[in-house]
Amino acid sequence: MDVPADGPATRPPPDPSGLRRAVRALTDEIAELRAERADRHLLDLATGILVAQLSAPPSAAAAHLSRLAASTGVGAPDVAADIVNAAAGSTDAAPRPPSAEDHPATARRLRRTDAALGVASAAGQAAEALLHGGLRHLGVQAVWLWRRTATDCLELAAHAGGNDLQSTHWQWLPAHVNGALRGALDTGEPGWLPHGPPDGDPLPGPVPDAGRAVLPLLDRGGVVGVLLACWSGPVAFDPPMRKEVEAVADNAVRVLDAAPDPDGFGDPLMLRILLDCLTDAALALTRTEGPDGPDWLIAHANPAAARQLAGVPKPAGRHLAEVLPAHCMDLVRLIDEARTTAAPRRVDRIANQGAGALIDVRTLPLGPERAVVLWHTSDDPGLLLPSVLDRLDHLALFEDDLVSGVSRWGERAYSIFGMERGGPGVPLRELMSRTHRDDKGQLAALLEALTVRQEGAHTLIRVIRDDGGMRHVRISAEPLLKGPVTVAVTGVFQDVSAQHRTELALGATYDQLTAAQAQAAARHRFVLQLQKAILPEVPASIRLPGLLVTARYRPAAQDYRVGGDWYEVLPLPEDRVMLVVGDIAGHGVGAATTMVALRNALRGLAFTGGSAGQLMGWLNGVAFADPRQSTATAVCAHYDPHDRVLRWSSAGHLPLILLREGRAVLLDTPRDLLLGAVPSVVYTETVTTLRAGDLLVFYTDGLVERHHSSLDDGMERLTRIVERHAGAELDDMADRLLAEVRGDTDDDTSLVLVRVLR
């Protein structure tokens with residue numbers, strides 16, 4: 001067992017090489033399963049079509065498909081593609097059915113690409129399927145897809161084959177930027193650039209004169225995005241190629257609807273670029289909460305790490321345990337020590353003995369959620385050879401003859417000091433005039449050690465070159481003795497300027513990350529205080545004339561807690577009570593500001609004696625006059641405890657729920673306009689007679705809205721859960737409803753429960 005130089009002893013796992021083989025085998029199996037999933041999706045579609053055409057059960061249809069593949073000598077996925085293409089020729093089932101004149105192989109390829117897009121779980125996977133399944137055989141090296149935003153800008157949705165630096169540069173194209181991408185977006189016509197874009201109109205790609213195709217992405221008759229296909233060099237676009245690229249573009253619109261990629265896990269671009277400049281293997285890690293506790297995900301692997309992890313394709317986005325299973329436990333322990341001490345940690349070696357061990361391992365904490373791990377490996381000396389040769393470029397030998405006063409320099413020393421090659425070398429003592437004034441003491445101490453104490457030494461100084469530049473140079477030297485006299489000094493100059501700049505940049509990045517984290521925490525506290533001031537919590541039910549009321553508010557997201565939802569419970573003269581729930585379009589401080597304006601306006605208007613319908617009409621005028629031009633939904637109700645009558649009006653809001661004798665129903669909502677949509681609206685007022693024991697549920701759409709189901713389904717589910725908890729106390733019911741009913745649109749939620757007292 002090895003004992004680290006600075007850290008606890010590490011224990012080798014029982015079978016690290018076997019564990020690595022198992023992880024790599026599972027990784028390969030996952031890749032194969034993804035490909036099989038796309039083929040299975042296509043086979044299922046074809047089987048379903050045969051069920052309808054043959055009026056046969058699924059098993060018989062699947063058997064018929066297998067017999068067709070065997071009799072024709074064509075693979076089952078290709079036969080399935082033919083069947084789906086034939087069926088899609090008379091329906092709108094596919095985004096673009098290949099036409100009759102399409103070559104069968106082309107038609108099958110398009111259909112299989114369409115199937116791969118259908119099973120992709122993220123935009124990056126979908127772009128990879130588009131490139132490798134539909135365009136790679138045409139020579140395309142990279143594909144880029146932008147979606148059109150509501151403000152007519154272009155936002156990068158996914159890319160495959162491009163690099164991270166280009167993706168950051170082309171992440172966002174404002175509406176005023178002209179060029180080939182904007183032309184395709186505005187005209188809906190493709191652009192074919194066989195020798196690349198013209199001067200002054202840059203586009204992503206490997207070289208300026210590489211062929212490119214810019215195609216609009218159409219959906220429901222409108223242009224919703226743009227696709228850019230890049231070749232490695234000039235290309236001749238013949239009609240068949242253009243036709244096939246356009247067919248792939250018709251399918252590519254589906255990439256825009258795929259789930260976004262967890263790209264980069266929030267690591268800054270500058271950090272990734274700095275790590276890519278290092279010769280050491282380096283991983284940027286992000287801390288996440290997994291089902292079994294905290295976990296570390298790889299946000300970026302620099303080229304040196306990618307070479308050493310060649311058995312694991314695309315390590316970025318994977319768990320550290322998947323990529324370095326034999327070393328994970330020790331690495332996590334070292335990272336935790338660095339985070340605890342807020343300082344880098346280093347050990348000489350971790351994990352197993354011999355080949356496969358990580359040596360000179362360093363961990364750098366970058367805030368509470370990020371870290372960098374750097375190391376060398378002893379697996380293959382060839383992996384370290386490029387790094388060693390690169391370092392030699394910054395080394396130069398020197399020898400000072402103290403008897404004759406002659407100094408001999410290696411060739412690279414002249415480039416380090418910015419001097420013309422071939423001239424005489426400069427002795428160490430004469431370097432004092434070229435040394436930065438703050439570093440002259442270090443050089444003097446080095447000379448004293450070599451000549452007075454007659455011992456080897458090293459130092460780091462800043463050298464001012466003749467051209468005005470500055471270099472950080474490490475000098476390591478040994479004295480050559482003849483009897484008691486030092487007759488010569490021999491040593492090495494090492495230019496460490498690049499390493500010094502990298503360390504400074506990493507330190508600056510760490511400072512920026514820490515400052516950003518502090519700013520985010522301050523903003524979080526501010527918006528949380530603002531939300532509490534606007535909507536104070538009601539921890540327990542409050543009793544009003546004839547009613548028992550409780551209210552809850554659930555914010556939208558942890559990082560930005562202020563939304564546009566609001567509620568109001570206000571006693572009025574003559575024992576009446578006003579109950580209001582509303583939802584401003586949008587999120588953030590702007591939506592909250594509009595919400596405060598409407599809420600305060602309604603509180604003032606409530607004491608005019610106006611009915612619920614009149615109040616909604618006046619509130620619509622306030623919303624329409626607001627310079628932010630926001631719209632809102634709301635429901636306003638007046639309850640009179642003397643006759644137990646609820647008079648209410650709705651501005652495009654969801655229907656109320658009435659629970660009576662254990663059965664919950666939706667109260668019909670008048671189809672009146674949103675607040676702020678038009679300047680003048682007369683709102684309908686509905687009268688509902690209540691009974692003692694009745695329960696009313698006021699809520700906003702964040703409680704019931706889900707991406708893949710309708711609002712009707714969400715409200716039906718809510719009514720059933722209300723019935724299930726009909727006998728609960730009011731506060732318990734509110735807490736249970738928020739716990740059991742959740743939308744998935746990241747919207748905030750207001751909930752008000754009102755029980756009519758006996």
# chains A, B, ... in the order shown; residues from 1 in each chain; ligands from 1

call {"tool": "residues_around", "arguments": {"residues": "Ala625 (chain A)", "least_positions_apart": "2", "cutoff": "12 Å", "atoms": "only C-alpha atoms", "output": "list in words"}}
result
Thr594, Ala597, Leu598, Trp618, Leu619, Asn620, Gly621, Val622, Ala623, Pro627, Arg628, Gln629, Ser630, Thr631, Leu675, Gly676, Ala677, Val678, Pro679 and Ser680 of chain A

call {"tool": "residues_around", "arguments": {"residues": "Arg148 (chain A)", "least_positions_apart": "3", "cutoff": "12 Å", "atoms": "only C-alpha atoms", "output": "PyMOL selection string"}}
result
chain A and resi 145+151-157+172-175+181-182+184-186+216-219+222-227+253+256-257

call {"tool": "write_last_selection", "arguments": {"atoms": "N, CA and C atoms", "output": "short mmCIF file (atom, residue, chain, number, x, y, z; two decimals), in the first residue's frame"}}
result
data_model
loop_
_atom_site.label_atom_id
_atom_site.label_comp_id
_atom_site.auth_asym_id
_atom_site.auth_seq_id
_atom_site.Cartn_x
_atom_site.Cartn_y
_atom_site.Cartn_z
N LEU A 145 -27.96 23.49 -35.70
CA LEU A 145 -29.38 23.81 -35.77
C LEU A 145 -29.71 24.94 -34.80
N THR A 151 -38.54 36.65 -30.24
CA THR A 151 -38.06 37.98 -30.63
C THR A 151 -37.36 37.96 -31.98
N ASP A 152 -37.55 36.89 -32.77
CA ASP A 152 -37.01 36.76 -34.12
C ASP A 152 -35.50 36.64 -34.12
N CYS A 153 -34.91 36.19 -33.01
CA CYS A 153 -33.49 35.89 -32.97
C CYS A 153 -33.28 34.41 -33.27
N LEU A 154 -32.03 34.01 -33.41
CA LEU A 154 -31.69 32.60 -33.60
C LEU A 154 -30.91 32.12 -32.38
N GLU A 155 -31.40 31.03 -31.78
CA GLU A 155 -30.77 30.45 -30.59
C GLU A 155 -30.30 29.04 -30.94
N LEU A 156 -29.01 28.73 -30.69
CA LEU A 156 -28.46 27.42 -31.02
C LEU A 156 -29.16 26.35 -30.19
N ALA A 157 -29.79 25.37 -30.88
CA ALA A 157 -30.52 24.30 -30.20
C ALA A 157 -29.65 23.07 -30.02
N TRP A 172 -25.99 32.56 -30.04
CA TRP A 172 -27.11 33.50 -30.14
C TRP A 172 -26.83 34.47 -31.28
N LEU A 173 -27.81 34.63 -32.20
CA LEU A 173 -27.70 35.57 -33.30
C LEU A 173 -28.83 36.58 -33.19
N PRO A 174 -28.54 37.84 -32.88
CA PRO A 174 -29.61 38.84 -32.78
C PRO A 174 -30.33 39.02 -34.12
N ALA A 175 -31.50 39.63 -34.03
CA ALA A 175 -32.35 39.78 -35.21
C ALA A 175 -31.73 40.71 -36.24
N LEU A 181 -27.65 32.79 -42.68
CA LEU A 181 -28.61 32.23 -41.74
C LEU A 181 -29.87 33.08 -41.70
N ARG A 182 -29.70 34.40 -41.62
CA ARG A 182 -30.86 35.29 -41.59
C ARG A 182 -31.63 35.23 -42.91
N ALA A 184 -32.00 32.62 -44.95
CA ALA A 184 -32.86 31.43 -44.98
C ALA A 184 -34.04 31.57 -44.04
N LEU A 185 -33.83 32.25 -42.89
CA LEU A 185 -34.92 32.43 -41.93
C LEU A 185 -35.99 33.35 -42.50
N ASP A 186 -35.58 34.43 -43.20
CA ASP A 186 -36.55 35.42 -43.68
C ASP A 186 -37.25 34.99 -44.97
N PRO A 216 -33.79 26.35 -44.38
CA PRO A 216 -34.82 26.73 -43.39
C PRO A 216 -35.51 25.49 -42.85
N LEU A 217 -35.90 25.52 -41.58
CA LEU A 217 -36.66 24.44 -40.96
C LEU A 217 -38.11 24.89 -40.87
N LEU A 218 -38.98 24.16 -41.56
CA LEU A 218 -40.38 24.55 -41.68
C LEU A 218 -41.26 23.71 -40.78
N ASP A 219 -42.26 24.34 -40.19
CA ASP A 219 -43.23 23.65 -39.36
C ASP A 219 -44.56 24.41 -39.45
N GLY A 222 -44.57 27.68 -41.49
CA GLY A 222 -43.72 28.80 -41.10
C GLY A 222 -42.29 28.34 -40.87
N VAL A 223 -41.33 29.27 -40.96
CA VAL A 223 -39.92 28.96 -40.72
C VAL A 223 -39.65 29.08 -39.22
N VAL A 224 -39.31 27.97 -38.58
CA VAL A 224 -39.11 27.93 -37.13
C VAL A 224 -37.64 27.81 -36.75
N GLY A 225 -36.77 27.67 -37.73
CA GLY A 225 -35.36 27.53 -37.42
C GLY A 225 -34.53 27.41 -38.68
N VAL A 226 -33.22 27.17 -38.50
CA VAL A 226 -32.28 27.08 -39.61
C VAL A 226 -31.32 25.93 -39.34
N LEU A 227 -30.98 25.19 -40.42
CA LEU A 227 -29.99 24.12 -40.34
C LEU A 227 -28.79 24.49 -41.19
N VAL A 253 -36.48 19.36 -38.19
CA VAL A 253 -37.26 20.25 -37.32
C VAL A 253 -37.57 19.57 -35.99
N LEU A 256 -35.49 20.46 -32.83
CA LEU A 256 -35.80 21.66 -32.06
C LEU A 256 -36.74 21.36 -30.91
N ASP A 257 -37.51 20.26 -31.01
CA ASP A 257 -38.46 19.92 -29.95
C ASP A 257 -37.84 18.99 -28.91
#

call {"tool": "select_by_dssp", "arguments": {"residues": "region 598-662 of chain A", "states": "helix (DSSP H, G or I)", "output": "VMD selection string"}}
result
chain A and resid 598 to 608 612 to 625

call {"tool": "select_by_dssp", "arguments": {"residues": "region 558-647 of chain A", "states": "strand (DSSP E or B)", "output": "VMD selection string"}}
result
chain A and resid 565 to 571 577 to 584 632 to 640 645 to 647

call {"tool": "residues_around", "arguments": {"residues": "region 475-485 of chain A", "least_positions_apart": "3", "cutoff": "12 Å", "atoms": "only C-alpha atoms", "output": "PyMOL selection string"}}
result
chain A and resi 394-403+413+416+428+431+442-443+445-463+472+488-496

call {"tool": "residues_around", "arguments": {"residues": "region 199-209 of chain A", "least_positions_apart": "2", "cutoff": "12 Å", "atoms": "only C-alpha atoms", "output": "JSON, numbers by chain"}}
result
{"A": [140, 141, 142, 143, 144, 145, 156, 159, 160, 161, 162, 163, 164, 165, 166, 167, 168, 169, 170, 171, 173, 177, 178, 179, 180, 181, 182, 183, 193, 194, 195, 196, 197, 211, 212, 213, 214, 227, 228, 229, 230, 231, 232, 233, 234, 235]}

call {"tool": "residues_around", "arguments": {"residues": "region 695-704 of chain A", "least_positions_apart": "6", "cutoff": "8 Å", "atoms": "only C-alpha atoms", "output": "MDAnalysis selection string"}}
result
chainID A and resid 565 581:583 653:654 656:660 711 714:715 718 738 741:743 745:756
